[in-house]
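> Structure file work28.txt (compact mmCIF, C-alpha atoms) right here:
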# COMPACT_ATOMS: atom_id res chain seq x y z
CA MET A 330 14.24 -8.67 -30.63
CA THR A 331 14.08 -7.48 -27.02
CA PRO A 332 11.14 -9.09 -25.17
CA PRO A 333 8.51 -6.79 -23.64
CA THR A 334 9.38 -5.48 -20.19
CA LEU A 335 6.11 -6.60 -18.60
CA ALA A 336 4.31 -9.89 -19.03
CA CYS A 337 1.00 -9.54 -20.89
CA PHE A 338 -0.94 -11.13 -18.02
CA LEU A 339 -0.06 -8.13 -15.85
CA ARG A 340 -2.33 -6.04 -18.08
CA PRO A 341 -5.43 -8.16 -18.74
CA ASP A 342 -8.01 -7.27 -21.38
CA GLY A 343 -10.10 -4.27 -20.36
CA PHE A 344 -7.20 -2.36 -18.83
CA ALA A 345 -4.78 0.00 -20.52
CA ALA A 346 -1.59 1.96 -20.08
CA LEU A 347 -2.25 5.59 -19.20
CA HIS A 348 -1.84 8.37 -21.73
CA PRO A 349 1.50 10.17 -21.20
CA ALA A 350 -0.32 13.44 -20.45
CA SER A 351 -2.23 11.87 -17.57
CA VAL A 352 0.77 12.42 -15.31
CA LEU A 353 -0.06 16.13 -15.36
CA ARG A 354 -2.87 15.35 -12.92
CA GLU A 355 -0.21 14.52 -10.37
CA ALA A 356 0.63 18.24 -10.07
CA SER A 357 -2.29 18.50 -7.63
CA VAL A 358 -0.05 16.84 -5.04
CA LEU A 359 1.21 20.32 -4.19
CA GLY A 360 -2.26 21.44 -3.18
CA GLU A 361 -2.85 18.17 -1.31
CA ALA A 362 0.38 18.64 0.64
CA GLY A 363 -0.68 22.21 1.41
CA ARG A 364 -4.01 20.93 2.69
CA TYR A 365 -2.11 18.61 5.01
CA ALA A 366 0.03 21.50 6.30
CA VAL A 367 -3.07 23.53 7.11
CA ARG A 368 -4.68 20.57 8.90
CA ARG A 369 -1.47 19.89 10.82
CA ALA A 370 -1.19 23.51 11.98
CA ASP A 371 -4.79 23.45 13.14
CA GLU A 372 -4.25 20.20 15.07
CA GLN A 373 -1.17 21.59 16.81
CA LEU A 374 -3.11 24.71 17.80
CA TRP A 375 -5.89 22.72 19.40
CA HIS A 376 -3.52 20.29 21.11
CA ARG A 377 -1.83 23.23 22.86
CA ARG A 378 -5.06 24.45 24.43
CA PRO A 379 -5.38 23.33 28.06
CA TRP A 380 -9.07 22.42 27.88
CA VAL A 381 -8.55 20.04 25.00
CA GLY A 382 -7.11 17.27 26.97
CA GLY A 383 -5.84 13.90 27.56
CA ALA A 384 -3.43 11.79 25.63
CA PRO A 385 -5.09 9.86 22.79
CA VAL A 386 -6.15 6.34 23.63
CA ARG A 387 -4.14 3.85 21.61
CA THR A 388 -6.01 1.39 19.46
CA ALA A 389 -5.49 -2.30 20.16
CA GLU A 390 -4.19 -3.23 16.72
CA PRO A 391 -0.86 -1.97 15.36
CA VAL A 392 -0.66 -0.66 11.80
CA VAL A 393 2.21 -1.31 9.38
CA LEU A 394 2.64 1.22 6.56
CA VAL A 395 4.06 0.01 3.23
CA PRO A 396 5.39 2.39 0.53
CA GLY A 397 4.88 2.22 -3.22
CA PHE A 398 7.18 1.57 -6.16
CA LEU A 399 10.51 3.46 -6.08
CA ALA A 400 9.60 4.75 -2.59
CA GLY A 401 10.64 4.07 0.99
CA ASP A 402 9.08 4.36 4.43
CA GLY A 403 9.79 8.08 4.54
CA THR A 404 7.07 8.79 1.96
CA LEU A 405 4.47 7.66 4.51
CA SER A 406 5.84 9.70 7.42
CA TRP A 407 3.14 12.39 7.16
CA MET A 408 0.39 9.79 7.23
CA ALA A 409 2.07 7.98 10.11
CA ARG A 410 2.26 11.22 12.11
CA SER A 411 -1.45 11.89 11.56
CA LEU A 412 -2.43 8.35 12.52
CA ARG A 413 -0.35 8.49 15.69
CA CYS A 414 -2.08 11.74 16.69
CA ASP A 415 -5.29 9.70 16.75
CA GLY A 416 -3.72 7.07 18.98
CA ILE A 417 -2.95 4.54 16.26
CA ARG A 418 0.34 2.75 16.84
CA THR A 419 2.20 2.68 13.52
CA TYR A 420 5.21 0.71 12.35
CA ARG A 421 7.51 0.97 9.35
CA SER A 422 7.82 -1.79 6.79
CA HIS A 423 11.64 -1.41 6.71
CA ILE A 424 11.51 -1.05 2.93
CA HIS A 425 14.06 1.65 2.09
CA ALA A 426 13.37 1.61 -1.64
CA ASN A 427 10.64 -0.55 -3.19
CA VAL A 428 12.62 -1.57 -6.26
CA GLY A 429 13.33 -5.24 -5.67
CA CYS A 430 11.63 -8.56 -6.33
CA THR A 431 7.97 -8.38 -5.27
CA LEU A 432 8.00 -11.87 -3.78
CA GLU A 433 11.09 -11.08 -1.72
CA ALA A 434 9.51 -7.81 -0.55
CA ALA A 435 6.40 -9.73 0.50
CA HIS A 436 8.54 -12.13 2.55
CA GLN A 437 10.29 -9.17 4.16
CA LEU A 438 6.93 -7.61 5.04
CA GLU A 439 5.77 -10.92 6.46
CA ALA A 440 8.85 -11.06 8.72
CA THR A 441 8.16 -7.50 9.89
CA LEU A 442 4.57 -8.44 10.72
CA GLU A 443 5.69 -11.51 12.64
CA SER A 444 7.88 -9.29 14.81
CA VAL A 445 5.14 -6.68 15.37
CA VAL A 446 2.48 -9.27 16.18
CA ALA A 447 4.80 -11.10 18.58
CA ARG A 448 5.49 -7.83 20.42
CA ARG A 449 1.91 -6.53 20.51
CA GLY A 450 0.08 -9.83 21.04
CA THR A 451 -2.57 -9.04 18.45
CA ARG A 452 -2.96 -9.19 14.71
CA ALA A 453 -1.93 -6.12 12.73
CA ARG A 454 -3.44 -4.06 9.95
CA ILE A 455 -1.57 -2.93 6.84
CA VAL A 456 -1.89 0.30 4.89
CA GLY A 457 -0.20 -0.01 1.51
CA HIS A 458 0.28 2.67 -1.14
CA SER A 459 0.37 1.58 -4.79
CA LEU A 460 2.76 -1.40 -5.03
CA GLY A 461 2.72 -1.49 -1.22
CA GLY A 462 -0.96 -2.38 -1.43
CA LEU A 463 -0.17 -5.37 -3.63
CA LEU A 464 2.34 -6.54 -1.04
CA ALA A 465 -0.23 -6.01 1.71
CA ARG A 466 -2.82 -8.07 -0.09
CA THR A 467 -0.35 -10.87 -0.82
CA VAL A 468 0.69 -11.20 2.81
CA ALA A 469 -2.89 -10.87 4.09
CA ALA A 470 -3.99 -13.78 1.88
CA ARG A 471 -1.03 -15.90 2.93
CA ARG A 472 -0.96 -15.07 6.64
CA PRO A 473 -4.43 -14.23 8.02
CA ASP A 474 -3.06 -15.18 11.44
CA LEU A 475 -0.94 -12.02 11.23
CA VAL A 476 -3.29 -9.62 9.43
CA SER A 477 -6.76 -8.52 10.52
CA GLY A 478 -7.27 -6.00 7.73
CA ILE A 479 -5.67 -4.06 4.90
CA VAL A 480 -6.21 -0.66 3.30
CA THR A 481 -4.84 -0.17 -0.21
CA LEU A 482 -4.28 3.28 -1.74
CA GLY A 483 -4.22 3.44 -5.53
CA SER A 484 -3.06 -0.18 -5.78
CA PRO A 485 -3.67 -1.74 -9.25
CA ILE A 486 -4.31 -5.24 -7.94
CA LEU A 487 -6.39 -6.33 -10.93
CA ALA A 488 -3.81 -5.15 -13.49
CA PRO A 489 -0.38 -4.19 -12.14
CA GLY A 490 0.83 -3.40 -15.67
CA ALA A 491 -1.91 -0.82 -16.35
CA GLN A 492 0.27 2.15 -15.54
CA HIS A 493 1.89 5.30 -16.86
CA PRO A 494 4.68 4.78 -19.46
CA SER A 495 7.18 6.43 -17.11
CA ILE A 496 6.68 3.59 -14.61
CA THR A 497 7.22 1.00 -17.33
CA ALA A 498 10.39 2.83 -18.36
CA SER A 499 11.60 2.85 -14.74
CA ILE A 500 11.04 -0.89 -14.52
CA GLU A 501 13.03 -1.37 -17.72
CA VAL A 502 15.94 0.54 -16.19
CA LEU A 503 15.85 -1.67 -13.09
CA VAL A 504 15.79 -4.83 -15.21
CA ARG A 505 18.79 -3.63 -17.26
CA LEU A 506 20.73 -2.79 -14.10
CA SER A 507 19.87 -6.23 -12.73
CA ARG A 508 21.17 -7.84 -15.94
CA ALA A 509 24.36 -5.83 -15.49
CA GLY A 510 24.91 -7.52 -12.13
CA LEU A 511 23.40 -5.03 -9.67
CA HIS A 512 21.76 -7.01 -6.88
CA GLY A 513 18.52 -6.26 -5.04
CA LEU A 514 16.63 -4.95 -8.08
CA MET A 515 13.73 -6.31 -10.11
CA SER A 516 14.98 -8.83 -12.63
CA GLU A 517 13.38 -9.88 -15.89
CA ASP A 518 11.88 -12.90 -14.12
CA CYS A 519 10.23 -10.55 -11.60
CA VAL A 520 8.29 -8.71 -14.32
CA ALA A 521 7.93 -11.18 -17.17
CA GLY A 522 8.68 -14.70 -15.90
CA GLU A 523 7.56 -17.28 -13.38
CA CYS A 524 8.34 -14.95 -10.48
CA ALA A 525 5.95 -12.37 -11.96
CA ARG A 526 3.24 -14.99 -12.49
CA SER A 527 3.59 -16.30 -8.94
CA ALA A 528 3.47 -12.80 -7.46
CA PHE A 529 0.38 -11.92 -9.51
CA ASP A 530 -1.44 -15.13 -8.59
CA GLN A 531 -0.64 -14.75 -4.89
CA CYS A 532 -1.87 -11.17 -4.93
CA ARG A 533 -5.22 -12.32 -6.37
CA THR A 534 -5.75 -15.14 -3.85
CA LEU A 535 -9.05 -14.96 -2.00
CA LEU A 536 -8.82 -13.36 1.42
CA GLY A 537 -10.10 -15.24 4.44
CA PRO A 538 -13.34 -14.14 6.14
CA GLY A 539 -11.37 -12.74 9.07
CA VAL A 540 -9.51 -10.11 7.02
CA ALA A 541 -11.12 -6.72 6.33
CA PHE A 542 -10.24 -5.05 3.04
CA THR A 543 -10.74 -1.42 2.00
CA ALA A 544 -9.54 -0.29 -1.44
CA VAL A 545 -9.16 3.47 -1.94
CA TRP A 546 -9.08 4.72 -5.54
CA SER A 547 -9.33 7.96 -7.50
CA ARG A 548 -10.41 8.89 -11.02
CA ARG A 549 -7.71 11.60 -10.86
CA ASP A 550 -4.98 8.97 -10.56
CA GLY A 551 -2.30 9.88 -13.09
CA ILE A 552 -0.07 6.86 -12.51
CA VAL A 553 -2.26 3.72 -12.69
CA ASP A 554 -5.56 2.78 -14.31
CA HIS A 555 -8.01 3.50 -11.50
CA ARG A 556 -10.26 0.64 -12.63
CA ALA A 557 -7.51 -1.81 -11.63
CA CYS A 558 -7.72 -0.58 -8.01
CA THR A 559 -11.32 -1.69 -7.36
CA ASP A 560 -10.83 -5.25 -6.17
CA PRO A 561 -14.21 -7.04 -6.04
CA GLN A 562 -13.34 -8.47 -2.62
CA ALA A 563 -12.85 -5.01 -1.13
CA THR A 564 -15.01 -2.25 0.19
CA CYS A 565 -14.09 0.29 -2.48
CA VAL A 566 -13.96 3.97 -1.54
CA GLU A 567 -13.52 6.67 -4.16
CA VAL A 568 -11.57 9.81 -3.24
CA THR A 569 -10.55 12.92 -5.16
CA ALA A 570 -6.76 12.91 -5.09
CA SER A 571 -3.72 12.29 -7.23
CA HIS A 572 -1.85 9.02 -6.98
CA LEU A 573 1.04 10.60 -5.08
CA GLY A 574 -1.28 12.80 -3.06
CA MET A 575 -3.11 9.87 -1.48
CA VAL A 576 -0.44 9.60 1.21
CA VAL A 577 -0.60 13.28 2.21
CA ASP A 578 -4.13 14.49 1.51
CA PRO A 579 -5.89 14.75 4.91
CA ARG A 580 -9.20 13.79 3.30
CA VAL A 581 -7.71 10.47 2.21
CA ILE A 582 -6.04 10.02 5.59
CA ASP A 583 -9.47 10.46 7.18
CA VAL A 584 -10.77 7.63 4.99
CA VAL A 585 -7.85 5.47 6.16
CA LYS A 586 -8.64 6.27 9.80
CA GLN A 587 -12.27 5.32 9.30
CA ALA A 588 -11.27 2.01 7.74
CA LEU A 589 -8.85 1.28 10.58
CA ALA A 590 -11.55 2.16 13.16
CA ARG A 591 -13.82 -0.64 11.96
CA PRO A 592 -13.73 -3.67 14.29
CA ALA A 593 -11.64 -6.62 13.22
CA LEU A 594 -13.63 -9.46 11.65
CA GLY A 595 -12.18 -12.11 13.91
CA SER A 596 -9.92 -12.52 16.91
CA LEU A 597 -6.42 -13.94 16.74
CA ALA A 598 -7.62 -17.20 18.29
CA GLU A 599 -10.32 -17.58 15.64
CA VAL A 600 -7.88 -17.43 12.73
CA ASP A 601 -5.86 -20.62 12.65
CA SER A 602 -4.06 -20.40 9.28
CA GLY A 603 -0.31 -20.24 9.63
CA VAL A 604 1.86 -19.97 12.69
CA ILE A 605 2.91 -16.81 14.53
CA ALA A 606 6.65 -16.65 15.02
Show me the file's structure as structure tokens.


Amino acid sequence: MTPPTLACFLRPDGFAALHPASVLREASVLGEAGRYAVRRADEQLWHRRPWVGGAPVRTAEPVVLVPGFLAGDGTLSWMARSLRCDGIRTYRSHIHANVGCTLEAAHQLEATLESVVARRGTRARIVGHSLGGLLARTVAARRPDLVSGIVTLGSPILAPGAQHPSITASIEVLVRLSRAGLHGLMSEDCVAGECARSAFDQCRTLLGPGVAFTAVWSRRDGIVDHRACTDPQATCVEVTASHLGMVVDPRVIDVVKQALARPALGSLAEVDSGVIA
């Protein structure tokens, strides 16, 4: 008998896989993208007017954007453009396709943060979408010397396995390709073995007092159980958006900007866990 794709601990009691029809809610991403286009056109109009002036003042802390499952940095380009218009210095995670081992992806993100922090001389913030939020939380718990705050968007931290059947099927495909010898993909150990257990435990580790945490979630989420996105350690903010639309809907991007505008909870000198490379 073929073992289940996902370990049972990834879907604790109280959480459930989504009904197949729930994915239909994701069709609203078209309207959310259109809303972004209208906002973008309006911003460009005002920026061209001579009396609206001055270059935006850059914020002190850089922001690293992390994509979700099956996605790459390009999926966050619209959000990055909007954040930069407000003077927020953004950086890519250098994840081209988030389909590999979660622990390895977390180490890669950690290396990216080390480079950004060394260049900017200040801790960074992370905005992670879906699986990217789980990576953000893992690194923030492990390296508070690098991270001053995180914002997660539709990230099922409490139950990574509480998702739409299509996501589970996609994971099964990756595992089979990994068994066939294709490197760089999630293996069975990554979703049902010790690697999965370690990744889940690290993602649930308590955050230090110097790390701010905002969790954005939506009842309209058609990909993950929205209840799994409300981490008790976070300031939870409900929005009205699809799972995919969270990265393009200007109303959600405004929530992200507000979270990033909050002062850091501690200076770099005050956080002494870990070592900055």

> Tell me, as a PyMOL selection string, which residues lie within 12 Å of Val480 (chain A), counting only C-alpha atoms; anything in the same chain fewer than 6 positions away does not count.

chain A and resi 392-395+453-459+461-466+469+540-546+558-560+563-566+575-576+581-582+584-591

> May I have the protein, DNA and RNA residues with an atom at most 12 Å from (9.5, 2.0, -15.6), counting only C-alpha atoms in the file's coordinates, returned as an MDAnalysis selection string?

chainID A and resid 333:335 346 398:399 428 490:505 515 520 552

> Name the closest residue to Pro391 (chain A) among the candidates A:Ser351, A:Ser484, A:Gln373, A:Ser477; distances are taken between atoms, counting only C-alpha atoms.

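Under the stated criterion, the closest residue is A:Ser477.
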
> Using all atoms listed in the file, find all polymer residues with an atom at most 12 Å away from the point (8.2, -8.6, -0.5); report them as a PyMOL selection string.

chain A and resi 395-398+422-424+426-442+460-468+513-515+519+524+528+531-532

> How would the residues just picked look written out with C-alpha atoms as a PDB file, in the coordinates of the input?


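The resulting file, part19.pdb, is shown below:
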ATOM      1  CA  VAL A 395       4.060   0.010   3.230  1.00  0.00           C
ATOM      2  CA  PRO A 396       5.390   2.390   0.530  1.00  0.00           C
ATOM      3  CA  GLY A 397       4.880   2.220  -3.220  1.00  0.00           C
ATOM      4  CA  PHE A 398       7.180   1.570  -6.160  1.00  0.00           C
ATOM      5  CA  SER A 422       7.820  -1.790   6.790  1.00  0.00           C
ATOM      6  CA  HIS A 423      11.640  -1.410   6.710  1.00  0.00           C
ATOM      7  CA  ILE A 424      11.510  -1.050   2.930  1.00  0.00           C
ATOM      8  CA  ALA A 426      13.370   1.610  -1.640  1.00  0.00           C
ATOM      9  CA  ASN A 427      10.640  -0.550  -3.190  1.00  0.00           C
ATOM     10  CA  VAL A 428      12.620  -1.570  -6.260  1.00  0.00           C
ATOM     11  CA  GLY A 429      13.330  -5.240  -5.670  1.00  0.00           C
ATOM     12  CA  CYS A 430      11.630  -8.560  -6.330  1.00  0.00           C
ATOM     13  CA  THR A 431       7.970  -8.380  -5.270  1.00  0.00           C
ATOM     14  CA  LEU A 432       8.000 -11.870  -3.780  1.00  0.00           C
ATOM     15  CA  GLU A 433      11.090 -11.080  -1.720  1.00  0.00           C
ATOM     16  CA  ALA A 434       9.510  -7.810  -0.550  1.00  0.00           C
ATOM     17  CA  ALA A 435       6.400  -9.730   0.500  1.00  0.00           C
ATOM     18  CA  HIS A 436       8.540 -12.130   2.550  1.00  0.00           C
ATOM     19  CA  GLN A 437      10.290  -9.170   4.160  1.00  0.00           C
ATOM     20  CA  LEU A 438       6.930  -7.610   5.040  1.00  0.00           C
ATOM     21  CA  GLU A 439       5.770 -10.920   6.460  1.00  0.00           C
ATOM     22  CA  ALA A 440       8.850 -11.060   8.720  1.00  0.00           C
ATOM     23  CA  THR A 441       8.160  -7.500   9.890  1.00  0.00           C
ATOM     24  CA  LEU A 442       4.570  -8.440  10.720  1.00  0.00           C
ATOM     25  CA  LEU A 460       2.760  -1.400  -5.030  1.00  0.00           C
ATOM     26  CA  GLY A 461       2.720  -1.490  -1.220  1.00  0.00           C
ATOM     27  CA  GLY A 462      -0.960  -2.380  -1.430  1.00  0.00           C
ATOM     28  CA  LEU A 463      -0.170  -5.370  -3.630  1.00  0.00           C
ATOM     29  CA  LEU A 464       2.340  -6.540  -1.040  1.00  0.00           C
ATOM     30  CA  ALA A 465      -0.230  -6.010   1.710  1.00  0.00           C
ATOM     31  CA  ARG A 466      -2.820  -8.070  -0.090  1.00  0.00           C
ATOM     32  CA  THR A 467      -0.350 -10.870  -0.820  1.00  0.00           C
ATOM     33  CA  VAL A 468       0.690 -11.200   2.810  1.00  0.00           C
ATOM     34  CA  GLY A 513      18.520  -6.260  -5.040  1.00  0.00           C
ATOM     35  CA  LEU A 514      16.630  -4.950  -8.080  1.00  0.00           C
ATOM     36  CA  MET A 515      13.730  -6.310 -10.110  1.00  0.00           C
ATOM     37  CA  CYS A 519      10.230 -10.550 -11.600  1.00  0.00           C
ATOM     38  CA  CYS A 524       8.340 -14.950 -10.480  1.00  0.00           C
ATOM     39  CA  ALA A 528       3.470 -12.800  -7.460  1.00  0.00           C
ATOM     40  CA  GLN A 531      -0.640 -14.750  -4.890  1.00  0.00           C
ATOM     41  CA  CYS A 532      -1.870 -11.170  -4.930  1.00  0.00           C
TER      42      CYS A 532
END

> Which residues are close to Arg556 (chain A), i.e. within 10 Å by all atoms listed in the file, leaving aside same-chain residues fewer than 6 positions away? Reply as number ranges by chain.

A: 343-345, 483-488, 491, 546-548

> Next, dump the selected residues to file, keeping only C-alpha atoms, as a tab-separated table (two decimals), in the coordinates of the input.


chain	number	residue	atom	x	y	z
A	343	GLY	CA	-10.10	-4.27	-20.36
A	344	PHE	CA	-7.20	-2.36	-18.83
A	345	ALA	CA	-4.78	0.00	-20.52
A	483	GLY	CA	-4.22	3.44	-5.53
A	484	SER	CA	-3.06	-0.18	-5.78
A	485	PRO	CA	-3.67	-1.74	-9.25
A	486	ILE	CA	-4.31	-5.24	-7.94
A	487	LEU	CA	-6.39	-6.33	-10.93
A	488	ALA	CA	-3.81	-5.15	-13.49
A	491	ALA	CA	-1.91	-0.82	-16.35
A	546	TRP	CA	-9.08	4.72	-5.54
A	547	SER	CA	-9.33	7.96	-7.50
A	548	ARG	CA	-10.41	8.89	-11.02
